[in-house]
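Novice: One structure, pasted below without further comment.
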Amino acid sequence: MEYLKKYPKLFQWLFLLIVFFALCFAIEVPETYKFIRGQAEFVKDPNQSVYFFLGKEVRYYAFDVFWRLPPLLGWLPIWINDSLFFLMNEWMPMEFWNEDTQEFKTRPLLLQISRNLTAFMTFLIELIREILLGGLETIVAFTSWDFIDAYPWLELPGLPWTIVAAGATILAYKLSGKGLALFAGLTMVYISIFGQWKPSMQTLSFILVAVPLSFVFGISLGIAAYKSKRVENALYPILLVMQTMPQYAVLVPALVLFGVGDHAAVIITMVVAVPPMILLTILGLRAVPPEVIEAGRMSGCTNWQLMTKVLIPTARRDILIGVNQVIMVCFSMAVISAFIGAKGLGFNLLLALNQLNIGLALEAGLCISLIAILLDKMSLAWANQQQDYFGNLTFYQRNKNIIFFGGSIVVGIILAYIGTFVFKDTFNYLFEVPHNKGISTADFWNKGVDWIFDTFFVYIKAFNTWLIVDVLQPMRALYLRMPAVATLVLAVGAGYLIGGIRSALVVAALTLFIALSPWWDRALVTLYMATFGVVVSCLIGFTVGTLCFQNKKSAAFMLGVCDIFQTFPSFVYLIPVMMLFGITDTSVLIAVIVYATIPATRYTIEGLRSVPVGLHEAATMSGVNKFQRLTKIEFPLAFPHMMLGINQTIVFALFMVIIGAFIGTEDLGQYILKALSDKNGAGIGLTLGICVAFIGLIFDNLIRTWVEKRKKHLGIA
Amino acid sequence: MSETVIKCESVYKIFGENAKKMLEESNGNVDAKTFQEKGCIVGVNNASFEVAKGEMLVVMGLSGSGKSTLLRCISRLTDATGGKIFIEGQDLLQLNNKELIELRRNKMGMVFQSFALLPHKTVVENIAFPLQIKGIKTEDSISRAMEMVKLVGLDGRENYFPRELSGGQQQRVGIARSLAVEPDIWFLDEPFSALDPLIRKEMQDEFLRLQEKLQKTIMFITHDFDEALKLADRIAIMKDGIIEQLDTPANIVLNPATEYVRKFTEEVPREKVLVIEDVMDSSNKDNLGDIKVSKDDIIENVAEKILTQEKIVGVVDSNNNIIGSIKPSTIIDTVFGGRKNYS
């Protein structure tokens, strides 16, 4: 009884667990139950039950409601799909002037908007792409095909790679100095001589459109939300869902709305990249000290000046993190959107992975990572730039970068011209090294992979088998063994214990949505993989973070490593694991673990760092040793921040699990991938995406609520 | 003193949803307690005063007394709930946004407790900021800012970032920035409160030196009574949004209007605050010694001179006319006791 009074929470949790397990044991597995491998809605099995809602037919295998809830939301994907088609093809037909045929044409409004948007995006991408690579679409966009036939010399010639490389180097030098210049130069040379020039420039043109657009949209919406509570309230739920929505899932609706190609990829990339930018803009603007705003006002700033010269620069730190996120997401999407026909490195990477040509995939992956890091560093340096008012510079000093660039253009053109003589019979390597004609290390890597397989096959196989048979399969079976009712009780109970009735209701709604969708079993598989990944990631992340924290240098080093790893597009993580473990669940899980360990480590270090120095000293003066200080002082105080790390870890893990569907897993991701090639896939893809997002949001809600309470309790809110 | 620069007529600032309506209903009798029960917080309660050109008014009060709120009403960083404020005869509350910006760009400067420097700009850029906002060319604004850098003694540090400076240096930047546009009215919101005592004293002296030179109209907010005594031409003491007393330092020390004010004055070393004129005997002008003191001398500075005389010392005004006398015993009374006489 005394214990009960002393630790009431503990006993509440115990009680919840007892109820959960009691339910698990009380509810038998129905004899007819089996994990459905195919897509139930296409199989006309007489054992299936059927119901109609809103005129949509939903087929499913019925079980005892305690075991699995019936898919009462099964109509939703079909309905979303039909609605989308209706909106696109039938809603609000209007007369539009058609430039090509010189007549009015009736088209649905949304279709027309989509077409115009598409044309605009295509133009932007093609413009940059043709400056870099040459082509005639841009000129045609202003004139016509007949015109370009008459004046074929108007075709944009494209820049020789030497000029682009020199330009990147000079820009890097101007922004940040020798170090970055060297990195930029080496990256460009690497890309060129390894024959990745064309796809790299295609990816770059995609990025150069997607990043600025996402940035502008993100920061504007962020400012709007900062200024108006109403806008914020309207945006917030969408932002939350978008933050945890897997990137795969948004591809499918984009396919329906905008078709296939780079333009659709850019639009959908913006949809994914804008939410973090908005959130970080709001966060940054909120954190500007009120006195700084007042100082701006008293200096006589207009509202516009206050925003551009005071608020945004002062909130720079958070906004820059936002830009960093935008760049990350854009590169990530540059790969993923190859699924909907974006050209460039991502397409090559996917192709290579599909053919199991690990060497080629590695080269493409390295290229894309290098460009990502380069752009990230450049954007950072750009934001931190400084002006020198006092240097008494000569004309040459002031303009040396421009002079150098001008010089490099001349030299580049001359070199390219010489190239036409030197490489008369082959390709002009001084203009552009064609794809697959550069140096390739692919064979080397492929042989390496073969060698690893030949040499370590036994060990890898043994490890693989052990992991799958002794750990993963039982764990998966356990998750699938949970009756729906027991899971609901557990989730809602946890919500109630952590955040009271409000949290319980939110969690209940989110869980019910998944339980009533047709993919509850799949969601459980996703959950099991994510759980495994998160647990291992957290163990590694906490250990590594804590160890690195013991020394200032190693902590800074580790944060730097985290920064670089985070810049890699998520897909790239699949390459090395496929090298080692082939196409198995193990590969996916290891990719998940590597990817999700980043936030776990980062937040551990940051959390430990945030413990006030005064407490350190107080602890040292009361004579604790290092270990005691860690366990008694630092961990308890850093724990709330570390929990936020777990939150991020969960989101990262879910992302990777879904991407892992590419290797072949049997979870929600598999269905999302399937939906991509299904003409009725938009509704399915979107609903699946929402399911994954909701899994993330359930944990997000619980963890955030807990952290807020804990912080208040510790007085560090 | 001559023309009035700042004029407040029963200014109210009440925070809360129905503040305006409640104020109208109360007919000017605002009681903090009843307002609080209805969910409103009274920031400034019926403040009326004037500040003349070149005068320094120090508003003194503890935290939560409404002194910063009052300042923000007068700079219109927040809109007063009721009352009228005139800046050089212009009705502040009637100004539209554009006129307000013009007023701030040309007439007002403000210094903040936490310095409020822009973290991404260097010292010289921070100081040039209000000039650039006005649209002055970069070169001109930078050269003007460099003058200000010299004025506050930060030469050689113009390219530092705020984070690389000490608190005292940062506040020098804040002061320089607020003076860059040559404002007529200078608001200082607890400018020295965040500084160490030694630096604070140094900054106060520096501030007096500047004011000697610039002769601005100043509203200075502080929670430090000693600071108020040292700097002020007049002091307004605030409590719970109400101005308890507004008078010269000497009068406040000699005649505290309320019990609250008296508490502050108790510990004050009056020889440092009072001048000869405050304690002299103006009826007796005879039988004086050779030594004379000026009526504006602070007692502490001339105490030794007076105490070493056997005869009564004469007091002269600026034209060297004798206007009264002072006995050594008066000095002893002032310093060591006789407080009852004044309270």
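For the structure tokens, the naming scheme is as follows: chains receive sequential letters (A, B, ...) according to their order of presentation, residues are indexed from 1 within each chain, and ligands are indexed from 1 in presentation order.
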Env of Leu668 in chain A: 7 Å cut, atoms = only C-alpha atoms, seq-sep filter 4 positions within chain, self excluded. Answer as a PyMOL selection string.
Specialist: chain A and resi 522-523+526+658+672+688
Novice: Can you pull out every residue within 7 Å of Val275 in chain B, counting only C-alpha atoms, but drop anything in the same chain fewer than 5 positions away, and send it as a list in words?
Specialist: Lys295, Asp296, Asp297, Ile298 and Ile299 of chain B
Novice: Limited to C-alpha atoms, could you put the picked residues into a file as an mmCIF file, in the first residue's frame?
Specialist:
```
data_model
loop_
_atom_site.group_PDB
_atom_site.id
_atom_site.type_symbol
_atom_site.label_atom_id
_atom_site.label_comp_id
_atom_site.auth_asym_id
_atom_site.auth_seq_id
_atom_site.Cartn_x
_atom_site.Cartn_y
_atom_site.Cartn_z
ATOM 1 C CA LYS B 295 24.512 77.478 -3.343
ATOM 2 C CA ASP B 296 24.823 74.737 -5.969
ATOM 3 C CA ASP B 297 27.692 72.911 -4.291
ATOM 4 C CA ILE B 298 26.925 69.401 -3.159
ATOM 5 C CA ILE B 299 27.313 69.231 0.584
#
```
Novice: Counting only C-alpha atoms, give me one row per residue of chain A with an atom at most 6 Å from an atom of chain B, showing the shortest contact pair and its distance in Å to one decimal, sorted by chain then residue number, as a Markdown table.
Specialist:
```
| residue | atom | partner | partner_atom | distance |
| --- | --- | --- | --- | --- |
| A:Glu291 | CA | B:Ala116 | CA | 5.5 |
| A:Val292 | CA | B:Ala116 | CA | 4.4 |
| A:Met298 | CA | B:Arg104 | CA | 5.7 |
| A:Ser299 | CA | B:Pro130 | CA | 4.8 |
| A:Gly300 | CA | B:Arg105 | CA | 4.6 |
```
Novice: Give me, as a ChimeraX atom specification, all polymer residues having an atom no more than 9 Å from Leu16 in chain A, counting only C-alpha atoms and skipping those fewer than 6 positions away in the same chain.
Specialist: /A:489-490,493-494
Novice: Restricting it to N, CA and C atoms, dump the selection as a PDB file, in the first residue's frame.
Specialist:
```
ATOM      1  N   VAL A 489      -6.314  -0.442 -26.449  1.00  0.00           N
ATOM      2  CA  VAL A 489      -6.317  -0.183 -25.006  1.00  0.00           C
ATOM      3  C   VAL A 489      -4.945   0.295 -24.560  1.00  0.00           C
ATOM      4  N   LEU A 490      -3.913  -0.346 -25.067  1.00  0.00           N
ATOM      5  CA  LEU A 490      -2.553   0.025 -24.682  1.00  0.00           C
ATOM      6  C   LEU A 490      -2.253   1.473 -25.103  1.00  0.00           C
ATOM      7  N   GLY A 493      -4.504   3.952 -23.190  1.00  0.00           N
ATOM      8  CA  GLY A 493      -4.074   3.979 -21.782  1.00  0.00           C
ATOM      9  C   GLY A 493      -2.802   4.785 -21.624  1.00  0.00           C
ATOM     10  N   ALA A 494      -1.845   4.546 -22.509  1.00  0.00           N
ATOM     11  CA  ALA A 494      -0.581   5.284 -22.435  1.00  0.00           C
ATOM     12  C   ALA A 494      -0.850   6.771 -22.627  1.00  0.00           C
TER      13      ALA A 494
END
```
Novice: Considering only strand (DSSP E) as DSSP defines it on the backbone, what residues of range 102-259 of chain A qualify? List them as an MDAnalysis selection string.
Specialist: chainID A and resid 103:108
Novice: Identify, on the basis of only C-alpha atoms, every residue whose closest approach to Ser65 in chain B does not exceed 7 Å; exclude the query and any residue fewer than 3 positions from it along the same chain; express the result as a PyMOL selection string.
Specialist: chain B and resi 61-62+238-241
Novice: For N, CA and C atoms, I'd like the residues from the last selection saved as a PDB file, in the first residue's frame.
Specialist:
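Final file, again-v8.pdb:
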```
ATOM      1  N   GLY B  61      11.337  52.879 -10.182  1.00  0.00           N
ATOM      2  CA  GLY B  61      10.337  51.994  -9.597  1.00  0.00           C
ATOM      3  C   GLY B  61      10.872  50.590  -9.606  1.00  0.00           C
ATOM      4  N   LEU B  62      10.294  49.741  -8.770  1.00  0.00           N
ATOM      5  CA  LEU B  62      10.739  48.356  -8.749  1.00  0.00           C
ATOM      6  C   LEU B  62      10.118  47.619  -9.929  1.00  0.00           C
ATOM      7  N   MET B 238       7.499  55.476  -9.210  1.00  0.00           N
ATOM      8  CA  MET B 238       6.264  54.769  -9.564  1.00  0.00           C
ATOM      9  C   MET B 238       6.064  53.546  -8.698  1.00  0.00           C
ATOM     10  N   LYS B 239       4.793  53.277  -8.418  1.00  0.00           N
ATOM     11  CA  LYS B 239       4.436  52.050  -7.712  1.00  0.00           C
ATOM     12  C   LYS B 239       3.078  51.601  -8.220  1.00  0.00           C
ATOM     13  N   ASP B 240       2.970  50.363  -8.605  1.00  0.00           N
ATOM     14  CA  ASP B 240       1.722  49.803  -9.129  1.00  0.00           C
ATOM     15  C   ASP B 240       1.096  50.676 -10.213  1.00  0.00           C
ATOM     16  N   GLY B 241       1.921  51.247 -11.056  1.00  0.00           N
ATOM     17  CA  GLY B 241       1.395  52.014 -12.181  1.00  0.00           C
ATOM     18  C   GLY B 241       1.096  53.463 -11.857  1.00  0.00           C
TER      19      GLY B 241
END
```
Novice: Please, which residues of range 187-406 of chain A, numbered as in this document, come out helix (DSSP H, G or I) from DSSP, as number ranges by chain?
Specialist: A: 187-193, 197-227, 229-244, 247-258, 262-286, 290-298, 303-314, 316-340, 345-354, 358-383, 395-406
Novice: Using only C-alpha atoms, which residues sit within 12 Å of Leu516 in chain A once same-chain residues fewer than 5 positions away are excluded, as an mmCIF file with N, CA and C atoms, in the first residue's frame?
Specialist:
```cif
data_model
loop_
_atom_site.group_PDB
_atom_site.id
_atom_site.type_symbol
_atom_site.label_atom_id
_atom_site.label_comp_id
_atom_site.auth_asym_id
_atom_site.auth_seq_id
_atom_site.Cartn_x
_atom_site.Cartn_y
_atom_site.Cartn_z
ATOM 1 N N TYR A 60 -13.459 -7.530 -47.781
ATOM 2 C CA TYR A 60 -12.455 -7.800 -46.750
ATOM 3 C C TYR A 60 -12.730 -9.140 -46.082
ATOM 4 N N VAL A 65 -14.475 -8.931 -33.977
ATOM 5 C CA VAL A 65 -14.086 -7.519 -33.855
ATOM 6 C C VAL A 65 -13.020 -7.293 -32.792
ATOM 7 N N ARG A 68 -9.606 -8.270 -35.043
ATOM 8 C CA ARG A 68 -9.292 -7.232 -36.026
ATOM 9 C C ARG A 68 -10.574 -6.467 -36.301
ATOM 10 N N LEU A 69 -10.477 -5.162 -36.306
ATOM 11 C CA LEU A 69 -11.663 -4.375 -36.617
ATOM 12 C C LEU A 69 -11.950 -4.481 -38.113
ATOM 13 N N PRO A 70 -13.214 -4.421 -38.503
ATOM 14 C CA PRO A 70 -13.515 -4.429 -39.937
ATOM 15 C C PRO A 70 -13.028 -3.118 -40.566
ATOM 16 N N PRO A 71 -12.593 -3.153 -41.818
ATOM 17 C CA PRO A 71 -12.055 -1.933 -42.453
ATOM 18 C C PRO A 71 -13.166 -0.961 -42.823
ATOM 19 N N LEU A 72 -13.704 -0.297 -41.802
ATOM 20 C CA LEU A 72 -14.818 0.615 -42.052
ATOM 21 C C LEU A 72 -14.395 1.833 -42.859
ATOM 22 N N LEU A 73 -13.083 2.038 -42.956
ATOM 23 C CA LEU A 73 -12.598 3.162 -43.767
ATOM 24 C C LEU A 73 -12.126 2.681 -45.133
ATOM 25 N N GLY A 74 -12.461 1.427 -45.466
ATOM 26 C CA GLY A 74 -11.999 0.853 -46.730
ATOM 27 C C GLY A 74 -12.466 1.630 -47.951
ATOM 28 N N TRP A 75 -13.565 2.354 -47.804
ATOM 29 C CA TRP A 75 -14.087 3.140 -48.933
ATOM 30 C C TRP A 75 -13.262 4.391 -49.190
ATOM 31 N N LEU A 76 -12.501 4.813 -48.159
ATOM 32 C CA LEU A 76 -11.836 6.115 -48.237
ATOM 33 C C LEU A 76 -10.871 6.230 -49.426
ATOM 34 N N ALA A 484 -6.523 -6.349 -32.003
ATOM 35 C CA ALA A 484 -6.711 -4.922 -32.236
ATOM 36 C C ALA A 484 -7.162 -4.202 -30.975
ATOM 37 N N VAL A 485 -8.076 -4.849 -30.235
ATOM 38 C CA VAL A 485 -8.620 -4.208 -29.044
ATOM 39 C C VAL A 485 -7.526 -3.983 -28.003
ATOM 40 N N LEU A 488 -5.385 -1.080 -29.009
ATOM 41 C CA LEU A 488 -6.094 0.175 -28.763
ATOM 42 C C LEU A 488 -6.047 0.550 -27.296
ATOM 43 N N ALA A 508 -6.340 7.911 -29.448
ATOM 44 C CA ALA A 508 -7.413 6.992 -29.823
ATOM 45 C C ALA A 508 -7.849 7.241 -31.261
ATOM 46 N N ALA A 509 -8.011 8.524 -31.617
ATOM 47 C CA ALA A 509 -8.461 8.850 -32.972
ATOM 48 C C ALA A 509 -7.445 8.384 -34.008
ATOM 49 N N LEU A 510 -6.172 8.653 -33.734
ATOM 50 C CA LEU A 510 -5.127 8.278 -34.696
ATOM 51 C C LEU A 510 -5.058 6.755 -34.844
ATOM 52 N N THR A 511 -5.104 6.056 -33.705
ATOM 53 C CA THR A 511 -4.994 4.594 -33.759
ATOM 54 C C THR A 511 -6.206 3.999 -34.471
ATOM 55 N N ASP A 521 -2.796 -5.003 -40.469
ATOM 56 C CA ASP A 521 -1.718 -5.987 -40.368
ATOM 57 C C ASP A 521 -0.395 -5.406 -40.873
ATOM 58 N N ALA A 523 0.398 -2.295 -41.058
ATOM 59 C CA ALA A 523 0.858 -1.262 -40.136
ATOM 60 C C ALA A 523 1.617 -1.896 -38.980
ATOM 61 N N THR A 687 -3.824 7.408 -48.507
ATOM 62 C CA THR A 687 -4.327 6.847 -47.251
ATOM 63 C C THR A 687 -3.214 6.092 -46.533
ATOM 64 N N CYS A 691 -1.625 6.784 -42.883
ATOM 65 C CA CYS A 691 -1.464 5.748 -41.855
ATOM 66 C C CYS A 691 -0.063 5.820 -41.251
#
```
